[in-house]
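Enquirer: My structure is in start10.cif, and what it holds is mmCIF, C-alpha atoms; chains and numbers go by the auth columns:
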data_entry
loop_
_atom_site.group_PDB
_atom_site.id
_atom_site.type_symbol
_atom_site.label_atom_id
_atom_site.label_comp_id
_atom_site.label_asym_id
_atom_site.label_seq_id
_atom_site.Cartn_x
_atom_site.Cartn_y
_atom_site.Cartn_z
_atom_site.B_iso_or_equiv
_atom_site.auth_seq_id
_atom_site.auth_asym_id
ATOM 1 C CA MET A 1 217.358 21.096 196.559 0.00 63 G
ATOM 2 C CA THR A 2 217.316 20.040 192.910 0.00 64 G
ATOM 3 C CA CYS A 3 215.253 21.405 190.087 0.00 65 G
ATOM 4 C CA SER A 4 212.543 18.950 189.029 0.00 66 G
ATOM 5 C CA CYS A 5 213.427 19.572 185.380 0.00 67 G
ATOM 6 C CA PHE A 6 217.052 18.491 185.898 0.00 68 G
ATOM 7 C CA THR A 7 217.424 14.744 185.691 0.00 69 G
ATOM 8 C CA ARG A 8 220.411 12.411 185.649 0.00 70 G
ATOM 9 C CA ARG A 9 219.618 11.558 182.015 0.00 71 G
ATOM 10 C CA ARG A 10 219.552 15.234 181.083 0.00 72 G
ATOM 11 C CA ALA A 11 222.873 15.814 182.822 0.00 73 G
ATOM 12 C CA LEU A 12 224.497 12.892 180.995 0.00 74 G
ATOM 13 C CA GLY A 13 223.069 14.089 177.682 0.00 75 G
ATOM 14 C CA LEU A 14 224.432 17.598 178.212 0.00 76 G
ATOM 15 C CA VAL A 15 227.852 16.215 179.146 0.00 77 G
ATOM 16 C CA ALA A 16 227.889 14.104 175.962 0.00 78 G
ATOM 17 C CA LEU A 17 226.875 17.086 173.812 0.00 79 G
ATOM 18 C CA ALA A 18 229.428 19.358 175.461 0.00 80 G
ATOM 19 C CA ALA A 19 232.148 16.843 174.620 0.00 81 G
ATOM 20 C CA LEU A 20 231.558 17.279 170.886 0.00 82 G
ATOM 21 C CA PRO A 21 234.521 19.010 169.279 0.00 83 G
ATOM 22 C CA ALA A 22 233.780 22.505 168.000 0.00 84 G
ATOM 23 C CA THR A 23 235.265 21.716 164.611 0.00 85 G
ATOM 24 C CA GLY A 24 233.828 18.225 164.349 0.00 86 G
ATOM 25 C CA LEU A 25 237.267 16.996 163.278 0.00 87 G
ATOM 26 C CA LEU A 26 238.781 15.627 166.469 0.00 88 G
ATOM 27 C CA ALA A 27 240.278 12.192 165.930 0.00 89 G
ATOM 28 C CA ALA A 28 240.088 9.774 168.834 0.00 90 G
ATOM 29 C CA CYS A 29 243.154 7.899 170.023 0.00 91 G
ATOM 30 C CA GLY A 30 243.636 4.658 168.148 0.00 92 G
ATOM 31 C CA ASP A 31 241.807 5.833 165.022 0.00 93 G
ATOM 32 C CA LYS A 32 243.192 4.635 161.717 0.00 94 G
ATOM 33 C CA PRO A 33 245.132 7.205 159.685 0.00 95 G
ATOM 34 C CA GLY A 34 242.732 9.357 157.696 0.00 96 G
ATOM 35 C CA ALA A 35 239.782 8.529 159.979 0.00 97 G
ATOM 36 C CA ALA A 36 239.287 12.214 160.809 0.00 98 G
ATOM 37 C CA GLN A 37 238.456 12.818 157.154 0.00 99 G
ATOM 38 C CA SER A 38 235.370 10.640 157.567 0.00 100 G
ATOM 39 C CA LEU A 39 234.024 13.251 159.985 0.00 101 G
ATOM 40 C CA ALA A 40 233.531 15.774 157.219 0.00 102 G
ATOM 41 C CA PRO A 41 229.861 16.173 156.312 0.00 103 G
ATOM 42 C CA VAL A 42 228.610 13.707 153.725 0.00 104 G
ATOM 43 C CA GLU A 43 226.300 14.928 150.965 0.00 105 G
ATOM 44 C CA ILE A 44 222.928 13.222 150.579 0.00 106 G
ATOM 45 C CA ASP A 45 221.818 11.655 147.312 0.00 107 G
ATOM 46 C CA ARG A 46 218.527 10.250 145.992 0.00 108 G
ATOM 47 C CA ALA A 47 219.017 7.013 147.970 0.00 109 G
ATOM 48 C CA THR A 48 219.982 8.533 151.351 0.00 110 G
ATOM 49 C CA SER A 49 217.451 7.475 153.955 0.00 111 G
ATOM 50 C CA CYS A 50 216.590 8.594 157.461 0.00 112 G
ATOM 51 C CA GLU A 51 218.058 6.693 160.399 0.00 113 G
ATOM 52 C CA LEU A 52 214.727 6.712 162.269 0.00 114 G
ATOM 53 C CA ASP A 53 212.045 6.042 159.697 0.00 115 G
ATOM 54 C CA GLY A 54 213.696 5.134 156.400 0.00 116 G
ATOM 55 C CA MET A 55 212.233 8.135 154.560 0.00 117 G
ATOM 56 C CA LEU A 56 214.291 9.323 151.595 0.00 118 G
ATOM 57 C CA LEU A 57 215.824 12.683 152.529 0.00 119 G
ATOM 58 C CA ALA A 58 215.745 14.065 148.990 0.00 120 G
ATOM 59 C CA ASP A 59 211.944 13.700 148.859 0.00 121 G
ATOM 60 C CA TYR A 60 211.244 16.271 151.578 0.00 122 G
ATOM 61 C CA PRO A 61 211.766 19.991 152.212 0.00 123 G
ATOM 62 C CA GLY A 62 213.546 21.635 155.099 0.00 124 G
ATOM 63 C CA PRO A 63 216.880 21.185 156.835 0.00 125 G
ATOM 64 C CA LYS A 64 218.482 17.771 157.113 0.00 126 G
ATOM 65 C CA ALA A 65 221.026 16.549 159.653 0.00 127 G
ATOM 66 C CA GLN A 66 223.710 13.937 160.163 0.00 128 G
ATOM 67 C CA ILE A 67 225.459 12.459 163.173 0.00 129 G
ATOM 68 C CA HIS A 68 228.875 10.845 162.927 0.00 130 G
ATOM 69 C CA TYR A 69 229.090 8.148 165.608 0.00 131 G
ATOM 70 C CA ALA A 70 232.385 6.689 166.822 0.00 132 G
ATOM 71 C CA GLY A 71 233.091 3.370 165.150 0.00 133 G
ATOM 72 C CA GLN A 72 230.814 3.957 162.146 0.00 134 G
ATOM 73 C CA ASP A 73 232.116 4.676 158.650 0.00 135 G
ATOM 74 C CA ARG A 74 228.972 6.463 157.450 0.00 136 G
ATOM 75 C CA PRO A 75 226.943 9.059 159.323 0.00 137 G
ATOM 76 C CA ALA A 76 223.385 8.509 160.478 0.00 138 G
ATOM 77 C CA PHE A 77 221.130 10.828 158.476 0.00 139 G
ATOM 78 C CA PHE A 78 217.927 12.533 159.610 0.00 140 G
ATOM 79 C CA CYS A 79 215.250 13.959 157.324 0.00 141 G
ATOM 80 C CA ASP A 80 214.396 16.615 159.910 0.00 142 G
ATOM 81 C CA THR A 81 216.225 18.578 162.599 0.00 143 G
ATOM 82 C CA VAL A 82 213.517 17.717 165.124 0.00 144 G
ATOM 83 C CA GLU A 83 214.489 14.044 164.704 0.00 145 G
ATOM 84 C CA LEU A 84 218.129 14.977 165.167 0.00 146 G
ATOM 85 C CA PHE A 85 217.520 16.791 168.457 0.00 147 G
ATOM 86 C CA ASN A 86 215.111 14.115 169.642 0.00 148 G
ATOM 87 C CA THR A 87 217.880 11.558 169.131 0.00 149 G
ATOM 88 C CA LEU A 88 220.625 13.644 170.735 0.00 150 G
ATOM 89 C CA LEU A 89 218.518 14.548 173.766 0.00 151 G
ATOM 90 C CA ALA A 90 217.097 11.065 174.321 0.00 152 G
ATOM 91 C CA GLY A 91 218.107 9.673 177.695 0.00 153 G
ATOM 92 C CA GLU A 92 218.820 6.328 176.095 0.00 154 G
ATOM 93 C CA GLN A 93 221.317 7.837 173.616 0.00 155 G
ATOM 94 C CA VAL A 94 224.527 5.998 174.489 0.00 156 G
ATOM 95 C CA ARG A 95 226.540 5.938 171.248 0.00 157 G
ATOM 96 C CA ALA A 96 229.580 8.210 171.250 0.00 158 G
ATOM 97 C CA VAL A 97 228.931 11.200 168.999 0.00 159 G
ATOM 98 C CA ARG A 98 231.979 12.543 167.152 0.00 160 G
ATOM 99 C CA ALA A 99 230.379 15.244 164.949 0.00 161 G
ATOM 100 C CA VAL A 100 226.924 16.623 164.135 0.00 162 G
ATOM 101 C CA TYR A 101 226.002 18.639 161.053 0.00 163 G
ATOM 102 C CA VAL A 102 222.872 20.493 159.938 0.00 164 G
ATOM 103 C CA GLN A 103 222.199 22.466 156.786 0.00 165 G
ATOM 104 C CA ASP A 104 222.518 26.233 156.643 0.00 166 G
ATOM 105 C CA MET A 105 219.068 27.275 155.441 0.00 167 G
ATOM 106 C CA GLY A 106 220.391 30.778 154.853 0.00 168 G
ATOM 107 C CA GLN A 107 222.178 29.250 151.847 0.00 169 G
ATOM 108 C CA ALA A 108 220.281 26.046 150.966 0.00 170 G
ATOM 109 C CA GLN A 109 216.939 26.044 149.157 0.00 171 G
ATOM 110 C CA TRP A 110 214.101 25.103 151.517 0.00 172 G
ATOM 111 C CA GLU A 111 212.203 22.877 149.082 0.00 173 G
ATOM 112 C CA GLU A 112 215.254 20.890 147.933 0.00 174 G
ATOM 113 C CA PRO A 113 218.166 21.517 150.291 0.00 175 G
ATOM 114 C CA GLN A 114 221.563 20.321 149.110 0.00 176 G
ATOM 115 C CA GLY A 115 224.949 20.937 150.676 0.00 177 G
ATOM 116 C CA HIS A 116 225.739 23.873 152.945 0.00 178 G
ATOM 117 C CA TRP A 117 226.529 21.634 155.939 0.00 179 G
ATOM 118 C CA ILE A 118 227.547 23.408 159.147 0.00 180 G
ATOM 119 C CA ASP A 119 228.559 22.302 162.639 0.00 181 G
ATOM 120 C CA ALA A 120 225.311 21.855 164.563 0.00 182 G
ATOM 121 C CA LYS A 121 226.839 23.149 167.814 0.00 183 G
ATOM 122 C CA THR A 122 227.665 26.536 166.298 0.00 184 G
ATOM 123 C CA ALA A 123 224.400 27.000 164.390 0.00 185 G
ATOM 124 C CA PHE A 124 221.471 29.273 165.170 0.00 186 G
ATOM 125 C CA TYR A 125 218.019 27.682 165.176 0.00 187 G
ATOM 126 C CA VAL A 126 214.493 28.970 164.678 0.00 188 G
ATOM 127 C CA LEU A 127 211.845 27.063 166.611 0.00 189 G
ATOM 128 C CA GLY A 128 208.134 27.630 166.045 0.00 190 G
ATOM 129 C CA SER A 129 208.084 28.962 162.495 0.00 191 G
ATOM 130 C CA LYS A 130 205.327 28.397 159.922 0.00 192 G
ATOM 131 C CA ARG A 131 207.747 26.499 157.637 0.00 193 G
ATOM 132 C CA HIS A 132 207.471 22.715 157.618 0.00 194 G
ATOM 133 C CA GLY A 133 210.042 19.997 157.082 0.00 195 G
ATOM 134 C CA SER A 134 209.559 16.310 156.419 0.00 196 G
ATOM 135 C CA MET A 135 207.724 15.688 159.690 0.00 197 G
ATOM 136 C CA GLY A 136 205.673 18.869 159.847 0.00 198 G
ATOM 137 C CA PRO A 137 206.821 21.769 162.043 0.00 199 G
ATOM 138 C CA THR A 138 210.610 21.796 162.132 0.00 200 G
ATOM 139 C CA ILE A 139 213.565 23.669 163.558 0.00 201 G
ATOM 140 C CA ALA A 140 215.303 25.749 160.891 0.00 202 G
ATOM 141 C CA SER A 141 219.110 25.856 161.111 0.00 203 G
ATOM 142 C CA PHE A 142 221.401 28.732 160.124 0.00 204 G
ATOM 143 C CA ALA A 143 225.115 29.533 160.151 0.00 205 G
ATOM 144 C CA GLN A 144 224.478 33.252 160.737 0.00 206 G
ATOM 145 C CA GLU A 145 222.345 34.782 163.489 0.00 207 G
ATOM 146 C CA GLN A 146 221.258 37.510 161.070 0.00 208 G
ATOM 147 C CA ASP A 147 219.824 34.886 158.670 0.00 209 G
ATOM 148 C CA ALA A 148 218.010 33.182 161.542 0.00 210 G
ATOM 149 C CA GLY A 149 216.540 36.512 162.667 0.00 211 G
ATOM 150 C CA LYS A 150 215.393 37.372 159.163 0.00 212 G
ATOM 151 C CA PHE A 151 213.755 33.939 158.818 0.00 213 G
ATOM 152 C CA ALA A 152 212.021 34.338 162.203 0.00 214 G
ATOM 153 C CA SER A 153 210.733 37.792 161.172 0.00 215 G
ATOM 154 C CA GLU A 154 209.266 36.377 157.978 0.00 216 G
ATOM 155 C CA TYR A 155 207.958 32.996 159.170 0.00 217 G
ATOM 156 C CA GLY A 156 207.658 33.415 162.926 0.00 218 G
ATOM 157 C CA GLY A 157 209.485 31.565 165.652 0.00 219 G
ATOM 158 C CA LYS A 158 212.208 32.185 168.165 0.00 220 G
ATOM 159 C CA VAL A 159 215.969 32.167 167.542 0.00 221 G
ATOM 160 C CA LEU A 160 217.850 29.715 169.783 0.00 222 G
ATOM 161 C CA ARG A 161 221.339 28.266 170.149 0.00 223 G
ATOM 162 C CA PHE A 162 222.149 24.550 170.182 0.00 224 G
ATOM 163 C CA ALA A 163 222.260 24.315 173.985 0.00 225 G
ATOM 164 C CA ASP A 164 218.890 26.125 174.298 0.00 226 G
ATOM 165 C CA ILE A 165 216.934 23.336 172.616 0.00 227 G
ATOM 166 C CA GLN A 166 215.260 21.141 175.215 0.00 228 G
ATOM 167 C CA ARG A 167 213.781 17.638 175.033 0.00 229 G
ATOM 168 C CA ASP A 168 210.191 18.920 175.324 0.00 230 G
ATOM 169 C CA MET A 169 210.722 21.051 172.185 0.00 231 G
ATOM 170 C CA VAL A 170 211.435 18.029 169.979 0.00 232 G
ATOM 171 C CA ASP A 171 208.487 15.708 170.502 0.00 233 G
ATOM 172 C CA LEU A 172 208.097 13.310 167.572 0.00 234 G
ATOM 173 C CA SER A 173 204.604 12.129 168.433 0.00 235 G
ATOM 174 C CA GLY A 174 202.165 13.099 165.751 0.00 236 G
ATOM 175 C CA GLY A 175 204.787 14.030 163.155 0.00 237 G
ATOM 176 C CA ALA A 176 203.301 11.576 160.681 0.00 238 G
ATOM 177 C CA LEU A 177 199.981 13.415 160.942 0.00 239 G
ATOM 178 C CA HIS A 178 201.598 16.313 159.044 0.00 240 G
ATOM 179 C CA ASP A 179 203.104 14.130 156.303 0.00 241 G
ATOM 180 C CA THR A 180 200.808 14.070 153.281 0.00 242 G
ATOM 181 C CA ARG A 181 203.228 11.996 151.200 0.00 243 G
ATOM 182 C CA MET A 182 203.182 8.816 153.303 0.00 244 G
#
Would you write the structure of this file as structure tokens?
Expert:
Amino acid sequence: MTCSCFTRRRALGLVALAALPATGLLAACGDKPGAAQSLAPVEIDRATSCELDGMLLADYPGPKAQIHYAGQDRPAFFCDTVELFNTLLAGEQVRAVRAVYVQDMGQAQWEEPQGHWIDAKTAFYVLGSKRHGSMGPTIASFAQEQDAGKFASEYGGKVLRFADIQRDMVDLSGGALHDTRM
């Protein structure tokens, strides 16, 4: 008997996520010398745009994210962690993921986050808070569980780990309804 919530797509997605290196610096066989350096997080600037919708990351509050795909020199950026998880958990996600980074909101300023990139797999997340990101309600990311707990106490929400975030928690429908800048 199988659980109705466990699908082949979900299993493949979890296998792909589990294969991510903990440090985000694993070089694949056949990579050019120095290729592992490209897996370090890349800082956003005024022109950095979102992979999904083209929005400029610097124009919006809340945590940002980046995925480093195999075979790409530059990471794919996301203006919101909900978009990141939606992409990673999508059944149709077939590109090989080499590293994923989110911002540590225990260190970065919410309104204009810069720097403080951390490995997404090791982060703590707060789902369901009153704080909004670029697409409305977002998932706050933290390097330290204590910072996540403090944030959840102040703004509401539940502290989760990377593997706890499920596809139904990252629905993108209606996100534009919360964006007053579009």
Enquirer: In terms of the shortest atom-to-atom distance over all atoms listed in the file, which of G:Ser235, G:Cys141, G:Val188, G:Ile201 is closest to Glu216 (chain G)?
Expert: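 Among the listed residues, the smallest separation from Glu216 (chain G) belongs to G:Val188.
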Enquirer: Neighbours of Ala182 (chain G) within 12 Å (all atoms listed in the file; same-chain residues fewer than 2 positions away dropped), as an MDAnalysis selection string?
Expert: chainID G and resid 79:80 82:86 103 125:130 143 146:147 150 160:166 178:180 184:187 201:205 223:225 227
Enquirer: Can you measure CA of Leu101 (chain G) to CA of Ala152 (chain G) for me? One decimal in Å is fine.
Expert: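 Between CA of Leu101 (chain G) and CA of Ala152 (chain G) the gap is 22.3 Å.
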Enquirer: Rank G:Gln171, G:Thr149, G:Gln134, G:Gln228 by their smallest atom-to-atom distance to Leu189 (chain G), using only C-alpha atoms, and report the top residue only.
Expert: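 Checking each candidate against Leu189 (chain G), we get G:Gln228 as the closest.
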Enquirer: Report the distance between CA of Pro137 (chain G) and CA of Asp230 (chain G) in Å, rounded to one decimal place.
Expert: 25.2 Å
Enquirer: Within 9 Å of (218.1, 31.8, 153.1) (file coordinates; all atoms listed in the file), which protein or nucleic acid residues are there? I'd like them as a PyMOL selection string.
Expert: chain G and resi 166-172+204+209-210+212-213
Enquirer: Go ahead and write the selection's residues with C-alpha atoms as a PDB file, in the frame of the given file.
Expert:
ATOM      1  CA  ASP G 166     222.518  26.233 156.643  1.00  0.00           C
ATOM      2  CA  MET G 167     219.068  27.275 155.441  1.00  0.00           C
ATOM      3  CA  GLY G 168     220.391  30.778 154.853  1.00  0.00           C
ATOM      4  CA  GLN G 169     222.178  29.250 151.847  1.00  0.00           C
ATOM      5  CA  ALA G 170     220.281  26.046 150.966  1.00  0.00           C
ATOM      6  CA  GLN G 171     216.939  26.044 149.157  1.00  0.00           C
ATOM      7  CA  TRP G 172     214.101  25.103 151.517  1.00  0.00           C
ATOM      8  CA  PHE G 204     221.401  28.732 160.124  1.00  0.00           C
ATOM      9  CA  ASP G 209     219.824  34.886 158.670  1.00  0.00           C
ATOM     10  CA  ALA G 210     218.010  33.182 161.542  1.00  0.00           C
ATOM     11  CA  LYS G 212     215.393  37.372 159.163  1.00  0.00           C
ATOM     12  CA  PHE G 213     213.755  33.939 158.818  1.00  0.00           C
TER      13      PHE G 213
END
Enquirer: Applying 9 Å and only C-alpha atoms, which residues near region 190-200 of chain G remain after dropping the ones on its own chain fewer than 4 positions away? List them as a PyMOL selection string.
Expert: chain G and resi 117+119+121-126+141-145+172-173+213-214+216-220+232+234+236-241
Enquirer: Taking only C-alpha atoms into account, name the residue in G:Asp233, G:Glu174, G:Asp181, G:Val104 that is nearest to Asp135 (chain G).
Expert: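 For Asp135 (chain G), the nearest of the given residues is G:Val104.
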Enquirer: Find the distance between CA of Phe140 (chain G) and CA of Lys183 (chain G) and write it in Å to one decimal.
Expert: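 Computed distance, CA of Phe140 (chain G) to CA of Lys183 (chain G), equals 16.1 Å.
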Enquirer: Applied to this file, what does the PyMOL selection byres ((chain G and resi 110) around 10) return in terms of residues, put as a ChimeraX atom specification?
Expert: /G:105-109,111-113,116-121,138-141
Enquirer: Could you write out that same residue set with C-alpha atoms as an mmCIF file, keeping the file's coordinate frame?
Expert:
data_model
loop_
_atom_site.group_PDB
_atom_site.id
_atom_site.type_symbol
_atom_site.label_atom_id
_atom_site.label_comp_id
_atom_site.auth_asym_id
_atom_site.auth_seq_id
_atom_site.Cartn_x
_atom_site.Cartn_y
_atom_site.Cartn_z
ATOM 1 C CA GLU G 105 226.300 14.928 150.965
ATOM 2 C CA ILE G 106 222.928 13.222 150.579
ATOM 3 C CA ASP G 107 221.818 11.655 147.312
ATOM 4 C CA ARG G 108 218.527 10.250 145.992
ATOM 5 C CA ALA G 109 219.017 7.013 147.970
ATOM 6 C CA SER G 111 217.451 7.475 153.955
ATOM 7 C CA CYS G 112 216.590 8.594 157.461
ATOM 8 C CA GLU G 113 218.058 6.693 160.399
ATOM 9 C CA GLY G 116 213.696 5.134 156.400
ATOM 10 C CA MET G 117 212.233 8.135 154.560
ATOM 11 C CA LEU G 118 214.291 9.323 151.595
ATOM 12 C CA LEU G 119 215.824 12.683 152.529
ATOM 13 C CA ALA G 120 215.745 14.065 148.990
ATOM 14 C CA ASP G 121 211.944 13.700 148.859
ATOM 15 C CA ALA G 138 223.385 8.509 160.478
ATOM 16 C CA PHE G 139 221.130 10.828 158.476
ATOM 17 C CA PHE G 140 217.927 12.533 159.610
ATOM 18 C CA CYS G 141 215.250 13.959 157.324
#
Enquirer: Determine the nearest neighbour of Asp226 (chain G) from the options G:Pro175, G:Leu151, G:Val156, G:Ala102, counting all atoms listed in the file.
Expert: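 Checking each of G:Pro175, G:Leu151, G:Val156, G:Ala102 against Asp226 (chain G), counting all atoms listed in the file, the winner is G:Leu151.
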